[in-house]
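Structure file my_file19.tsv (TSV, C-alpha atoms) is printed below.
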```tsv
chain	number	residue	atom	x	y	z
A	1	MET	CA	-54.16	-39.08	60.01
A	2	PHE	CA	-55.19	-35.47	60.35
A	3	GLY	CA	-52.19	-34.23	58.42
A	4	ASN	CA	-52.88	-36.65	55.60
A	5	GLN	CA	-56.51	-35.56	55.36
A	6	GLN	CA	-55.56	-31.90	55.29
A	7	TYR	CA	-53.01	-32.62	52.59
A	8	ASN	CA	-55.73	-34.18	50.47
A	9	ILE	CA	-58.01	-31.19	50.87
A	10	ILE	CA	-55.34	-28.61	50.22
A	11	ASN	CA	-54.07	-30.37	47.12
A	12	SER	CA	-57.37	-30.74	45.32
A	13	PRO	CA	-58.52	-27.31	44.00
A	14	LEU	CA	-56.30	-27.21	40.93
A	15	GLU	CA	-57.49	-30.59	39.72
A	16	GLN	CA	-60.33	-28.98	37.75
A	17	PHE	CA	-57.88	-27.42	35.27
A	18	GLU	CA	-56.41	-30.74	34.19
A	19	VAL	CA	-56.65	-31.58	30.50
A	20	THR	CA	-57.53	-35.22	30.09
A	21	SER	CA	-58.19	-37.31	27.03
A	22	LEU	CA	-61.74	-38.47	26.46
A	23	LEU	CA	-61.37	-40.22	23.11
A	24	GLY	CA	-57.97	-41.15	21.77
A	25	LEU	CA	-56.61	-42.28	18.43
A	26	ASN	CA	-53.00	-43.42	18.15
A	27	ALA	CA	-51.75	-44.45	14.74
A	28	PRO	CA	-48.26	-44.91	13.30
A	29	ILE	CA	-49.01	-42.79	10.21
A	30	LEU	CA	-46.86	-39.73	9.39
A	31	GLY	CA	-44.28	-40.61	12.01
A	32	TYR	CA	-46.47	-40.95	15.05
A	33	LEU	CA	-49.96	-39.52	14.89
A	34	ASN	CA	-51.88	-38.91	18.06
A	35	ILE	CA	-55.31	-37.35	17.77
A	36	SER	CA	-57.31	-37.22	20.95
A	37	LEU	CA	-60.49	-35.43	21.88
A	38	THR	CA	-59.58	-33.80	25.18
A	39	ASN	CA	-62.10	-32.13	27.43
A	40	LEU	CA	-60.75	-28.76	26.24
A	41	ALA	CA	-61.53	-29.72	22.66
A	42	LEU	CA	-65.00	-30.88	23.66
A	43	TYR	CA	-65.70	-27.61	25.45
A	44	SER	CA	-64.36	-25.47	22.61
A	45	LEU	CA	-66.66	-27.31	20.19
A	46	LEU	CA	-69.48	-26.78	22.68
A	47	VAL	CA	-68.72	-23.05	22.78
A	48	LEU	CA	-68.83	-22.91	18.99
A	49	PHE	CA	-72.14	-24.76	18.97
A	50	ILE	CA	-73.64	-22.50	21.67
A	51	ILE	CA	-72.64	-19.28	19.89
A	52	VAL	CA	-73.89	-20.41	16.50
A	53	SER	CA	-77.18	-21.71	17.89
A	54	LEU	CA	-77.64	-18.52	19.94
A	55	HIS	CA	-77.26	-16.40	16.85
A	56	TYR	CA	-79.44	-18.77	14.84
A	57	MET	CA	-82.28	-18.83	17.39
A	58	ALA	CA	-82.13	-15.10	18.04
A	59	ASN	CA	-82.14	-13.81	14.51
A	60	ASN	CA	-85.92	-13.68	14.73
A	61	ASP	CA	-86.46	-14.57	11.05
A	62	THR	CA	-85.13	-11.07	10.24
A	63	LYS	CA	-88.37	-9.49	11.34
A	64	LEU	CA	-88.27	-5.77	11.97
A	65	VAL	CA	-89.97	-5.90	15.35
A	66	PRO	CA	-87.37	-7.44	17.66
A	67	SER	CA	-87.98	-10.20	20.19
A	68	LYS	CA	-86.32	-10.30	23.64
A	69	TRP	CA	-83.33	-12.34	22.41
A	70	SER	CA	-82.70	-10.26	19.36
A	71	ILE	CA	-82.81	-7.06	21.43
A	72	ALA	CA	-80.01	-8.46	23.61
A	73	LEU	CA	-77.91	-9.51	20.62
A	74	GLU	CA	-78.49	-6.25	18.79
A	75	SER	CA	-77.47	-4.16	21.79
A	76	VAL	CA	-74.26	-6.19	22.13
A	77	PHE	CA	-73.65	-5.68	18.43
A	78	ALA	CA	-74.33	-1.97	18.69
A	79	SER	CA	-71.97	-1.47	21.63
A	80	ILE	CA	-69.14	-3.40	19.98
A	81	ASN	CA	-69.77	-1.59	16.72
A	82	SER	CA	-69.56	1.80	18.41
A	83	MET	CA	-66.40	0.74	20.25
A	84	VAL	CA	-64.67	-0.36	17.05
A	85	ARG	CA	-65.76	2.78	15.21
A	86	GLU	CA	-64.63	5.03	18.03
A	87	GLN	CA	-61.18	3.49	18.21
A	88	LEU	CA	-60.40	2.44	14.66
A	89	GLY	CA	-62.65	4.61	12.54
A	90	LYS	CA	-63.62	1.80	10.15
A	91	GLU	CA	-65.43	-1.49	10.36
A	92	LEU	CA	-62.86	-3.77	8.79
A	93	TYR	CA	-61.91	-5.41	12.07
A	94	LEU	CA	-65.47	-5.73	13.38
A	95	PRO	CA	-66.01	-9.46	12.58
A	96	PHE	CA	-62.78	-10.43	14.34
A	97	ILE	CA	-63.48	-8.29	17.40
A	98	TYR	CA	-67.11	-9.44	17.59
A	99	SER	CA	-66.33	-13.14	17.38
A	100	LEU	CA	-63.39	-12.80	19.79
A	101	PHE	CA	-65.73	-11.16	22.31
A	102	PHE	CA	-68.33	-13.89	21.99
A	103	PHE	CA	-65.73	-16.66	22.11
A	104	ILE	CA	-64.19	-15.43	25.37
A	105	LEU	CA	-67.54	-14.48	26.92
A	106	ILE	CA	-69.25	-17.82	26.26
A	107	ALA	CA	-66.10	-19.72	27.23
A	108	ASN	CA	-65.97	-17.91	30.57
A	109	LEU	CA	-69.67	-18.28	31.21
A	110	THR	CA	-69.78	-22.02	30.47
A	111	GLY	CA	-66.89	-22.40	32.88
A	112	ASN	CA	-69.08	-21.15	35.72
A	113	ILE	CA	-71.25	-24.27	35.56
A	114	PRO	CA	-70.09	-26.62	38.33
A	115	TYR	CA	-67.90	-29.58	37.29
A	116	SER	CA	-67.29	-28.10	33.86
A	117	PHE	CA	-64.05	-27.05	32.24
A	118	THR	CA	-63.09	-23.50	31.27
A	119	ILE	CA	-61.00	-23.29	28.16
A	120	THR	CA	-59.51	-19.90	29.06
A	121	THR	CA	-57.94	-21.35	32.21
A	122	SER	CA	-55.56	-23.25	29.97
A	123	ILE	CA	-52.38	-21.17	29.87
A	124	MET	CA	-51.66	-22.28	26.30
A	125	VAL	CA	-54.98	-21.01	24.95
A	126	SER	CA	-54.92	-17.56	26.56
A	127	ILE	CA	-51.19	-16.84	26.09
A	128	GLY	CA	-51.33	-18.24	22.56
A	129	LEU	CA	-54.26	-15.99	21.75
A	130	SER	CA	-52.49	-12.86	23.02
A	131	PHE	CA	-49.22	-13.79	21.28
A	132	THR	CA	-51.04	-14.32	18.00
A	133	ILE	CA	-52.74	-10.95	18.36
A	134	LEU	CA	-49.46	-9.16	19.09
A	135	ILE	CA	-47.64	-10.81	16.16
A	136	ALA	CA	-50.54	-9.97	13.85
A	137	VAL	CA	-50.57	-6.37	15.04
A	138	THR	CA	-46.82	-6.05	14.46
A	139	ILE	CA	-47.15	-7.46	10.93
A	140	LEU	CA	-50.05	-5.08	10.29
A	141	GLY	CA	-48.02	-2.07	11.41
A	142	LEU	CA	-45.00	-3.16	9.36
A	143	SER	CA	-47.10	-3.63	6.25
A	144	ILE	CA	-48.80	-0.25	6.59
A	145	HIS	CA	-45.86	1.91	7.62
A	146	LYS	CA	-42.90	-0.16	6.28
A	147	LEU	CA	-39.75	1.01	8.09
A	148	HIS	CA	-41.55	3.99	9.61
A	149	PHE	CA	-43.11	1.53	12.05
A	150	PHE	CA	-39.94	1.63	14.17
A	151	SER	CA	-40.52	5.32	14.92
A	152	TYR	CA	-43.19	3.91	17.26
A	153	PHE	CA	-40.41	3.08	19.72
A	154	VAL	CA	-39.03	6.64	19.77
A	155	PRO	CA	-41.47	9.14	21.29
A	156	SER	CA	-41.48	12.45	19.45
A	157	GLY	CA	-39.34	15.26	20.82
A	158	THR	CA	-36.82	13.31	22.87
A	159	PRO	CA	-33.23	14.54	23.18
A	160	LEU	CA	-30.72	12.37	21.34
A	161	ALA	CA	-28.91	11.27	24.49
A	162	LEU	CA	-32.02	9.64	25.91
A	163	VAL	CA	-32.96	7.70	22.77
A	164	PRO	CA	-31.25	4.33	23.55
A	165	LEU	CA	-32.79	4.18	27.01
A	166	LEU	CA	-36.25	5.14	25.79
A	167	VAL	CA	-36.11	2.66	22.91
A	168	LEU	CA	-35.27	-0.09	25.36
A	169	ILE	CA	-38.12	0.87	27.69
A	170	GLU	CA	-40.65	1.13	24.87
A	171	LEU	CA	-39.53	-2.17	23.38
A	172	VAL	CA	-39.91	-3.95	26.73
A	173	SER	CA	-43.33	-2.43	27.33
A	174	TYR	CA	-44.38	-3.40	23.79
A	175	LEU	CA	-43.32	-6.99	24.28
A	176	ALA	CA	-44.85	-7.15	27.77
A	177	ARG	CA	-48.25	-6.55	26.19
A	178	ALA	CA	-48.14	-10.04	24.71
A	179	PHE	CA	-47.84	-11.59	28.14
A	180	SER	CA	-49.99	-9.21	30.13
A	181	LEU	CA	-53.00	-9.51	27.83
A	182	GLY	CA	-53.11	-13.30	28.12
A	183	ILE	CA	-52.02	-13.59	31.73
A	184	ARG	CA	-54.69	-11.12	32.83
A	185	LEU	CA	-57.46	-13.32	31.45
A	186	PHE	CA	-55.79	-16.52	32.65
A	187	ALA	CA	-55.05	-15.25	36.18
A	188	ASN	CA	-58.55	-13.86	36.67
A	189	MET	CA	-60.19	-17.11	35.63
A	190	VAL	CA	-57.83	-19.41	37.55
A	191	ALA	CA	-57.94	-17.33	40.73
A	192	GLY	CA	-61.72	-17.12	40.65
A	193	HIS	CA	-62.28	-20.82	40.04
A	194	THR	CA	-59.71	-21.87	42.66
A	195	LEU	CA	-61.30	-19.57	45.23
A	196	MET	CA	-64.74	-21.02	44.49
A	197	LYS	CA	-63.44	-24.56	44.78
A	198	ILE	CA	-61.74	-23.90	48.14
A	199	LEU	CA	-64.81	-22.15	49.56
A	200	ALA	CA	-67.11	-24.90	48.32
A	201	THR	CA	-64.90	-27.54	49.97
A	202	PHE	CA	-65.09	-25.71	53.30
A	203	LEU	CA	-68.84	-25.24	52.97
A	204	TYR	CA	-69.35	-28.92	52.17
A	205	GLN	CA	-67.47	-29.94	55.27
A	206	MET	CA	-69.47	-27.55	57.44
A	207	PHE	CA	-72.79	-28.63	55.93
A	208	SER	CA	-72.03	-32.29	56.55
A	209	GLY	CA	-71.47	-31.69	60.28
A	210	SER	CA	-74.22	-31.50	62.88
A	211	LEU	CA	-77.61	-29.88	62.26
A	212	ILE	CA	-77.01	-26.61	64.17
A	213	VAL	CA	-73.71	-26.02	62.39
A	214	ALA	CA	-75.42	-26.73	59.08
A	215	VAL	CA	-78.09	-24.11	59.81
A	216	LEU	CA	-75.45	-21.59	60.88
A	217	THR	CA	-73.52	-22.28	57.67
A	218	LEU	CA	-76.33	-20.68	55.69
A	219	ILE	CA	-74.81	-17.28	56.58
A	220	PRO	CA	-71.44	-17.90	54.85
A	221	PHE	CA	-73.36	-19.63	52.07
A	222	THR	CA	-75.04	-16.31	51.15
A	223	LEU	CA	-71.56	-14.78	50.94
A	224	PHE	CA	-70.60	-17.62	48.62
A	225	LEU	CA	-73.58	-16.82	46.40
A	226	ALA	CA	-72.44	-13.18	46.27
A	227	ILE	CA	-68.96	-14.33	45.23
A	228	MET	CA	-70.58	-16.39	42.47
A	229	GLY	CA	-72.28	-13.23	41.23
A	230	LEU	CA	-68.93	-11.45	41.27
A	231	GLU	CA	-67.48	-14.33	39.28
A	232	LEU	CA	-70.17	-13.96	36.62
A	233	ALA	CA	-69.43	-10.23	36.46
A	234	VAL	CA	-65.69	-10.87	36.21
A	235	SER	CA	-66.16	-13.26	33.32
A	236	PHE	CA	-68.08	-10.57	31.45
A	237	ILE	CA	-65.62	-7.78	32.33
A	238	GLN	CA	-62.59	-9.81	31.28
A	239	ALA	CA	-64.07	-10.50	27.85
A	240	TYR	CA	-64.82	-6.76	27.48
A	241	VAL	CA	-61.34	-5.73	28.62
A	242	PHE	CA	-59.62	-8.25	26.33
A	243	VAL	CA	-61.56	-6.93	23.37
A	244	ILE	CA	-61.05	-3.25	24.19
A	245	LEU	CA	-57.30	-3.73	24.66
A	246	THR	CA	-57.08	-5.63	21.36
A	247	CYS	CA	-58.83	-2.66	19.75
A	248	SER	CA	-56.37	-0.18	21.21
A	249	TYR	CA	-53.37	-2.29	20.11
A	250	ILE	CA	-54.69	-2.39	16.55
A	251	LYS	CA	-55.23	1.37	16.75
A	252	ASP	CA	-51.64	1.86	17.92
A	253	ALA	CA	-50.35	-0.15	14.99
A	254	ILE	CA	-52.45	1.78	12.48
A	255	GLU	CA	-51.88	5.29	13.80
A	256	LEU	CA	-48.46	5.00	15.50
A	257	HIS	CA	-49.37	6.81	18.74
B	1	MET	CA	-38.66	-26.76	56.55
B	2	LEU	CA	-39.27	-26.45	52.83
B	3	ALA	CA	-43.01	-26.71	53.32
B	4	ALA	CA	-42.90	-23.98	55.97
B	5	ALA	CA	-40.90	-21.75	53.62
B	6	LYS	CA	-43.46	-22.43	50.90
B	7	TYR	CA	-46.35	-21.34	53.11
B	8	LEU	CA	-44.43	-18.25	54.27
B	9	GLY	CA	-43.68	-17.31	50.68
B	10	ALA	CA	-47.29	-17.81	49.67
B	11	GLY	CA	-48.43	-15.56	52.50
B	12	LEU	CA	-45.92	-12.90	51.56
B	13	ALA	CA	-46.95	-13.07	47.90
B	14	CYS	CA	-50.54	-12.36	48.92
B	15	SER	CA	-49.43	-8.97	50.30
B	16	GLY	CA	-49.39	-7.73	46.71
B	17	LEU	CA	-53.17	-7.64	46.97
B	18	ILE	CA	-52.89	-4.59	49.27
B	19	GLY	CA	-51.96	-2.45	46.30
B	20	ALA	CA	-54.77	-3.87	44.18
B	21	GLY	CA	-57.31	-3.13	46.91
B	22	ALA	CA	-56.07	0.43	47.32
B	23	GLY	CA	-56.13	0.93	43.55
B	24	ILE	CA	-59.69	-0.34	43.17
B	25	GLY	CA	-60.80	1.91	46.03
B	26	LEU	CA	-59.14	4.92	44.42
B	27	ILE	CA	-60.79	4.17	41.06
B	28	PHE	CA	-64.29	3.98	42.50
B	29	SER	CA	-63.81	7.02	44.74
B	30	ALA	CA	-62.73	8.98	41.69
B	31	LEU	CA	-65.77	7.64	39.81
B	32	ILE	CA	-68.13	8.80	42.56
B	33	ALA	CA	-66.48	12.22	42.81
B	34	SER	CA	-66.55	12.84	39.07
B	35	THR	CA	-70.13	11.59	38.75
B	36	ALA	CA	-71.16	14.03	41.48
B	37	ARG	CA	-69.48	16.87	39.57
B	38	ASN	CA	-70.83	16.01	36.16
B	39	PRO	CA	-73.73	13.52	36.21
B	40	GLN	CA	-74.38	13.81	32.47
B	41	ILE	CA	-71.42	11.68	31.34
B	42	LYS	CA	-72.13	8.91	33.83
B	43	GLY	CA	-72.19	6.08	31.30
B	44	GLN	CA	-68.89	6.99	29.72
B	45	LEU	CA	-67.23	7.39	33.11
B	46	PHE	CA	-68.58	4.02	34.23
B	47	SER	CA	-67.10	2.18	31.26
B	48	TYR	CA	-63.72	3.81	31.90
B	49	ALA	CA	-63.99	2.89	35.58
B	50	ILE	CA	-64.73	-0.75	34.73
B	51	LEU	CA	-61.69	-0.82	32.45
B	52	GLY	CA	-59.49	0.63	35.20
B	53	PHE	CA	-61.00	-1.77	37.71
B	54	ALA	CA	-60.08	-4.76	35.59
B	55	LEU	CA	-56.55	-3.50	34.98
B	56	ALA	CA	-55.98	-2.82	38.67
B	57	GLU	CA	-57.48	-6.12	39.72
B	58	ALA	CA	-55.26	-7.99	37.26
B	59	THR	CA	-52.08	-6.65	38.86
B	60	GLY	CA	-53.25	-7.96	42.22
B	61	LEU	CA	-54.18	-11.29	40.68
B	62	PHE	CA	-50.66	-11.71	39.30
B	63	SER	CA	-49.41	-11.90	42.88
B	64	LEU	CA	-52.26	-14.25	43.79
B	65	MET	CA	-51.14	-16.42	40.86
B	66	ILE	CA	-47.64	-16.61	42.36
B	67	CYS	CA	-49.21	-17.59	45.66
B	68	PHE	CA	-51.14	-20.46	44.07
B	69	LEU	CA	-48.02	-21.52	42.17
B	70	LEU	CA	-46.10	-21.73	45.44
B	71	LEU	CA	-48.85	-23.56	47.27
B	72	TYR	CA	-49.99	-26.16	44.80
B	73	SER	CA	-47.22	-26.92	42.33
C	1	MET	CA	-50.19	-26.53	38.36
C	2	PRO	CA	-51.72	-28.97	35.88
C	3	GLN	CA	-51.79	-26.33	33.14
C	4	LEU	CA	-48.01	-26.49	32.77
C	5	ILE	CA	-47.89	-30.15	31.67
C	6	PRO	CA	-46.71	-29.89	28.06
C	7	PHE	CA	-48.22	-33.14	26.78
C	8	TYR	CA	-51.41	-31.63	25.26
C	9	PHE	CA	-50.09	-28.15	24.36
C	10	ILE	CA	-50.26	-28.61	20.58
C	11	ASN	CA	-53.65	-30.27	20.90
C	12	GLN	CA	-55.06	-27.38	22.96
C	13	LEU	CA	-53.66	-24.71	20.64
C	14	SER	CA	-54.87	-26.37	17.45
C	15	PHE	CA	-58.37	-27.10	18.73
C	16	SER	CA	-58.97	-23.63	20.17
C	17	PHE	CA	-57.60	-21.83	17.12
C	18	LEU	CA	-59.59	-23.99	14.72
C	19	THR	CA	-62.71	-23.21	16.72
C	20	LEU	CA	-61.99	-19.49	16.70
C	21	LEU	CA	-61.31	-19.47	12.96
C	22	ALA	CA	-64.51	-21.36	12.24
C	23	LEU	CA	-66.38	-18.94	14.50
C	24	ILE	CA	-64.96	-15.88	12.71
C	25	TYR	CA	-65.86	-17.39	9.33
C	26	ILE	CA	-69.43	-18.33	10.30
C	27	ILE	CA	-70.15	-15.03	12.04
C	28	SER	CA	-68.72	-12.80	9.34
C	29	LYS	CA	-70.33	-14.79	6.56
C	30	TYR	CA	-73.82	-15.43	7.90
C	31	PHE	CA	-74.70	-13.41	10.99
C	32	LEU	CA	-73.13	-9.96	10.77
C	33	PRO	CA	-74.72	-9.15	7.38
C	34	LEU	CA	-78.11	-9.82	8.96
C	35	PHE	CA	-77.55	-7.12	11.59
C	36	THR	CA	-76.43	-4.57	9.02
C	37	PHE	CA	-79.32	-5.49	6.73
C	38	GLN	CA	-81.81	-4.98	9.55
C	39	GLN	CA	-80.36	-1.57	10.46
C	40	VAL	CA	-80.47	-0.45	6.83
C	41	ILE	CA	-84.13	-1.49	6.55
C	42	ARG	CA	-84.99	0.40	9.74
C	43	MET	CA	-83.28	3.57	8.51
C	44	TYR	CA	-85.14	3.26	5.21
C	45	ILE	CA	-88.50	2.90	6.95
C	46	THR	CA	-87.92	5.92	9.20
C	47	LYS	CA	-86.98	7.95	6.13
C	48	LEU	CA	-90.18	6.85	4.40
C	49	ASN	CA	-92.18	7.90	7.45
C	50	ASN	CA	-90.58	11.33	7.55
C	51	LYS	CA	-91.57	12.14	3.96
```
Take the structure in the file and give it back as structure tokens.
Amino acid sequence: MFGNQQYNIINSPLEQFEVTSLLGLNAPILGYLNISLTNLALYSLLVLFIIVSLHYMANNDTKLVPSKWSIALESVFASINSMVREQLGKELYLPFIYSLFFFILIANLTGNIPYSFTITTSIMVSIGLSFTILIAVTILGLSIHKLHFFSYFVPSGTPLALVPLLVLIELVSYLARAFSLGIRLFANMVAGHTLMKILATFLYQMFSGSLIVAVLTLIPFTLFLAIMGLELAVSFIQAYVFVILTCSYIKDAIELH
Amino acid sequence: MLAAAKYLGAGLACSGLIGAGAGIGLIFSALIASTARNPQIKGQLFSYAILGFALAEATGLFSLMICFLLLYS
Amino acid sequence: MPQLIPFYFINQLSFSFLTLLALIYIISKYFLPLFTFQQVIRMYITKLNNK
């Protein structure tokens, strides 16, 4: 009995990452067509709606004197603008970087609402995003530098004997970027949400005991609130880090070291 | 037997977090020391420190990922 | 881990990428020009004040 109960508790915390179908359409057109609105799709549409409505509400009718919301948006814009200019020198990639930042930030922040779904905890979304970025950066470098792009893998001033080894190391570290960029975001989000779920399960059990235990549980509950604050900070930092690393990869492809 | 090995492996995988903790501590100690030396570039140093913090934390979280994989899959 | 079930992989990828593309289009078409426009107007006004 006890073992069974414990098994139930210990098996639950990853359930929140499950992708389930909310509305399905199966039709035998074009082979076998299956369109379904999963909860991930619902939340990605929600993220799109939140970002667009945030920008729409905060544009302040393009008045010169800013309101509170437009000050926040303009400072975010200014910091991203300065980051892109510092690293890349031109503003061509600013729309991509800006919308990537807002997409990841709002996706992470909506995931912090209890019982909701975070779209960046899906391994396909985060790894697919980083793979797409790496492939795009490689194509960009090839189109700018043609065959000179492969001099990226040979650091300048190496003796000829060491070249095969160094090329191998550089190639592996270049390809590892594709995984590390996505897995960093994914692992941070999954670890944070799993930790919160486990702690909340423990706290629920302690709160539903006797009265004295419930009063004493208020002390670990404050710790739980602090961890929630950390989680909010992590979801901001991860969006920032993803964007800044994307910037530096684009810079590497443009300038070749 | 297999379940016991799973739990042992998960516990061992968590030991990768030692390195992440040490790394985060080093980053913030270096931030404090350099801010004390040159308080004028505090903002720039703080953004670098946050970047380093995230990178160091991610390496620890990779091992935590392995731990969760062992426990719950 | 429930993320590794491959049944909805294509669905997840297509929905998230479509959302991101739509977001990039909307932001670069409608919202980013507003920011730049506002900054240009502010610079113009400060220059007028300095004269």
Legend entry - Shell around stretch 154-157 of chain A at 9 Å using all atoms listed in the file, local window under 3 positions removed, as a PyMOL selection string: chain A and resi 150-151+163-164+166-167+170+257
Inset, instruction - Identify which of the residues A:Ile139, A:Ala41, A:Val19, A:Val243 lies closest to chain B, counting all atoms listed in the file when measuring atom-to-atom distances. - result: A:Val243
Wanna dump the chain B-chain A contacts at 12 Å for me, each residue with its shortest atom pair and the distance in Å to one decimal, counting all atoms listed in the file, ordered by chain and number, as JSON lines?
```
{"residue": "B:Ala3", "atom": "CA", "partner": "A:Tyr7", "partner_atom": "CA", "distance": 11.6}
{"residue": "B:Tyr7", "atom": "CA", "partner": "A:Ile10", "partner_atom": "CA", "distance": 11.9}
{"residue": "B:Gln44", "atom": "CA", "partner": "A:Met83", "partner_atom": "CA", "distance": 11.6}
{"residue": "B:Ser47", "atom": "CA", "partner": "A:Tyr240", "partner_atom": "CA", "distance": 10.0}
{"residue": "B:Tyr48", "atom": "CA", "partner": "A:Val241", "partner_atom": "CA", "distance": 10.4}
{"residue": "B:Ala49", "atom": "CA", "partner": "A:Ile237", "partner_atom": "CA", "distance": 11.3}
{"residue": "B:Ile50", "atom": "CA", "partner": "A:Ile237", "partner_atom": "CA", "distance": 7.5}
{"residue": "B:Leu51", "atom": "CA", "partner": "A:Val241", "partner_atom": "CA", "distance": 6.2}
{"residue": "B:Gly52", "atom": "CA", "partner": "A:Val241", "partner_atom": "CA", "distance": 9.3}
{"residue": "B:Phe53", "atom": "CA", "partner": "A:Ile237", "partner_atom": "CA", "distance": 9.3}
{"residue": "B:Ala54", "atom": "CA", "partner": "A:Gln238", "partner_atom": "CA", "distance": 7.1}
{"residue": "B:Leu55", "atom": "CA", "partner": "A:Arg184", "partner_atom": "CA", "distance": 8.1}
{"residue": "B:Ala56", "atom": "CA", "partner": "A:Arg184", "partner_atom": "CA", "distance": 10.2}
{"residue": "B:Glu57", "atom": "CA", "partner": "A:Asn188", "partner_atom": "CA", "distance": 8.4}
{"residue": "B:Ala58", "atom": "CA", "partner": "A:Arg184", "partner_atom": "CA", "distance": 5.5}
{"residue": "B:Thr59", "atom": "CA", "partner": "A:Arg184", "partner_atom": "CA", "distance": 7.9}
{"residue": "B:Gly60", "atom": "CA", "partner": "A:Ala187", "partner_atom": "CA", "distance": 9.6}
{"residue": "B:Leu61", "atom": "CA", "partner": "A:Ala187", "partner_atom": "CA", "distance": 6.1}
{"residue": "B:Phe62", "atom": "CA", "partner": "A:Ala187", "partner_atom": "CA", "distance": 6.4}
{"residue": "B:Ser63", "atom": "CA", "partner": "A:Ala187", "partner_atom": "CA", "distance": 9.4}
{"residue": "B:Leu64", "atom": "CA", "partner": "A:Ala191", "partner_atom": "CA", "distance": 7.1}
{"residue": "B:Met65", "atom": "CA", "partner": "A:Ala187", "partner_atom": "CA", "distance": 6.2}
{"residue": "B:Ile66", "atom": "CA", "partner": "A:Ala187", "partner_atom": "CA", "distance": 9.7}
{"residue": "B:Cys67", "atom": "CA", "partner": "A:Ala191", "partner_atom": "CA", "distance": 10.0}
{"residue": "B:Phe68", "atom": "CA", "partner": "A:Ala191", "partner_atom": "CA", "distance": 8.2}
{"residue": "B:Leu69", "atom": "CA", "partner": "A:Leu14", "partner_atom": "CA", "distance": 10.1}
{"residue": "B:Leu70", "atom": "CA", "partner": "A:Asn11", "partner_atom": "CA", "distance": 11.9}
{"residue": "B:Leu71", "atom": "CA", "partner": "A:Asn11", "partner_atom": "CA", "distance": 8.6}
{"residue": "B:Tyr72", "atom": "CA", "partner": "A:Asn11", "partner_atom": "CA", "distance": 6.3}
{"residue": "B:Ser73", "atom": "CA", "partner": "A:Asn11", "partner_atom": "CA", "distance": 9.0}
```
Inset, instruction - Rank A:Asn26, A:Gln16, A:Ser122, A:Asn39 by their smallest atom-to-atom distance to chain C, using only C-alpha atoms, and report the top residue only. - result: A:Ser122
Output as a Markdown table one row per residue of chain A within 9 Å of chain C: the closest atom pair and its distance in Å to one decimal place, counting only C-alpha atoms, sorted by chain and residue number ascending.
```
| residue | atom | partner | partner_atom | distance |
| --- | --- | --- | --- | --- |
| A:Leu14 | CA | C:Met1 | CA | 6.7 |
| A:Glu15 | CA | C:Pro2 | CA | 7.1 |
| A:Gln16 | CA | C:Pro2 | CA | 8.8 |
| A:Phe17 | CA | C:Pro2 | CA | 6.4 |
| A:Glu18 | CA | C:Pro2 | CA | 5.3 |
| A:Val19 | CA | C:Tyr8 | CA | 7.4 |
| A:Thr20 | CA | C:Tyr8 | CA | 8.6 |
| A:Ile35 | CA | C:Asn11 | CA | 7.9 |
| A:Ser36 | CA | C:Asn11 | CA | 7.9 |
| A:Leu37 | CA | C:Asn11 | CA | 8.6 |
| A:Thr38 | CA | C:Asn11 | CA | 8.1 |
| A:Leu40 | CA | C:Gln12 | CA | 6.7 |
| A:Ala41 | CA | C:Phe15 | CA | 5.7 |
| A:Ser44 | CA | C:Ser16 | CA | 6.2 |
| A:Leu45 | CA | C:Thr19 | CA | 6.7 |
| A:Val47 | CA | C:Thr19 | CA | 8.5 |
| A:Leu48 | CA | C:Leu23 | CA | 6.5 |
| A:Ile51 | CA | C:Leu23 | CA | 8.3 |
| A:Val52 | CA | C:Leu23 | CA | 7.9 |
| A:His55 | CA | C:Phe31 | CA | 7.1 |
| A:Tyr56 | CA | C:Phe31 | CA | 8.1 |
| A:Asn59 | CA | C:Leu34 | CA | 7.9 |
| A:Thr62 | CA | C:Gln38 | CA | 7.0 |
| A:Lys63 | CA | C:Gln38 | CA | 8.2 |
| A:Leu64 | CA | C:Gln38 | CA | 6.9 |
| A:Glu74 | CA | C:Phe35 | CA | 7.3 |
| A:Phe77 | CA | C:Phe35 | CA | 8.0 |
| A:Leu94 | CA | C:Ser28 | CA | 8.8 |
| A:Pro95 | CA | C:Ser28 | CA | 5.4 |
| A:Phe96 | CA | C:Ile24 | CA | 6.1 |
| A:Tyr98 | CA | C:Ile24 | CA | 8.4 |
| A:Ser99 | CA | C:Ile24 | CA | 5.6 |
| A:Leu100 | CA | C:Leu20 | CA | 7.5 |
| A:Phe103 | CA | C:Leu20 | CA | 7.2 |
| A:Ile119 | CA | C:Ser16 | CA | 8.3 |
| A:Thr121 | CA | C:Gln3 | CA | 8.0 |
| A:Ser122 | CA | C:Gln3 | CA | 5.8 |
| A:Ile123 | CA | C:Gln3 | CA | 6.1 |
| A:Met124 | CA | C:Phe9 | CA | 6.4 |
| A:Val125 | CA | C:Leu13 | CA | 5.8 |
| A:Gly128 | CA | C:Leu13 | CA | 7.1 |
| A:Leu129 | CA | C:Phe17 | CA | 8.2 |
```
Inset, instruction - Excluding A:Leu165 and any residue of its chain fewer than 6 positions from it, enumerate the residues within 12 Å of it, using all atoms listed in the file, and give them as a list in words. - result: Phe153, Val154, Pro155, Thr158, Pro159, Leu171 and Val172 of chain A
Would you export the selected residues with C-alpha atoms as a PDB file, keeping the file's coordinate frame, please?
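Here's the written file out-v9.pdb:
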```pdb
ATOM      1  CA  PHE A 153     -40.410   3.080  19.720  1.00  0.00           C
ATOM      2  CA  VAL A 154     -39.030   6.640  19.770  1.00  0.00           C
ATOM      3  CA  PRO A 155     -41.470   9.140  21.290  1.00  0.00           C
ATOM      4  CA  THR A 158     -36.820  13.310  22.870  1.00  0.00           C
ATOM      5  CA  PRO A 159     -33.230  14.540  23.180  1.00  0.00           C
ATOM      6  CA  LEU A 171     -39.530  -2.170  23.380  1.00  0.00           C
ATOM      7  CA  VAL A 172     -39.910  -3.950  26.730  1.00  0.00           C
TER       8      VAL A 172
END
```
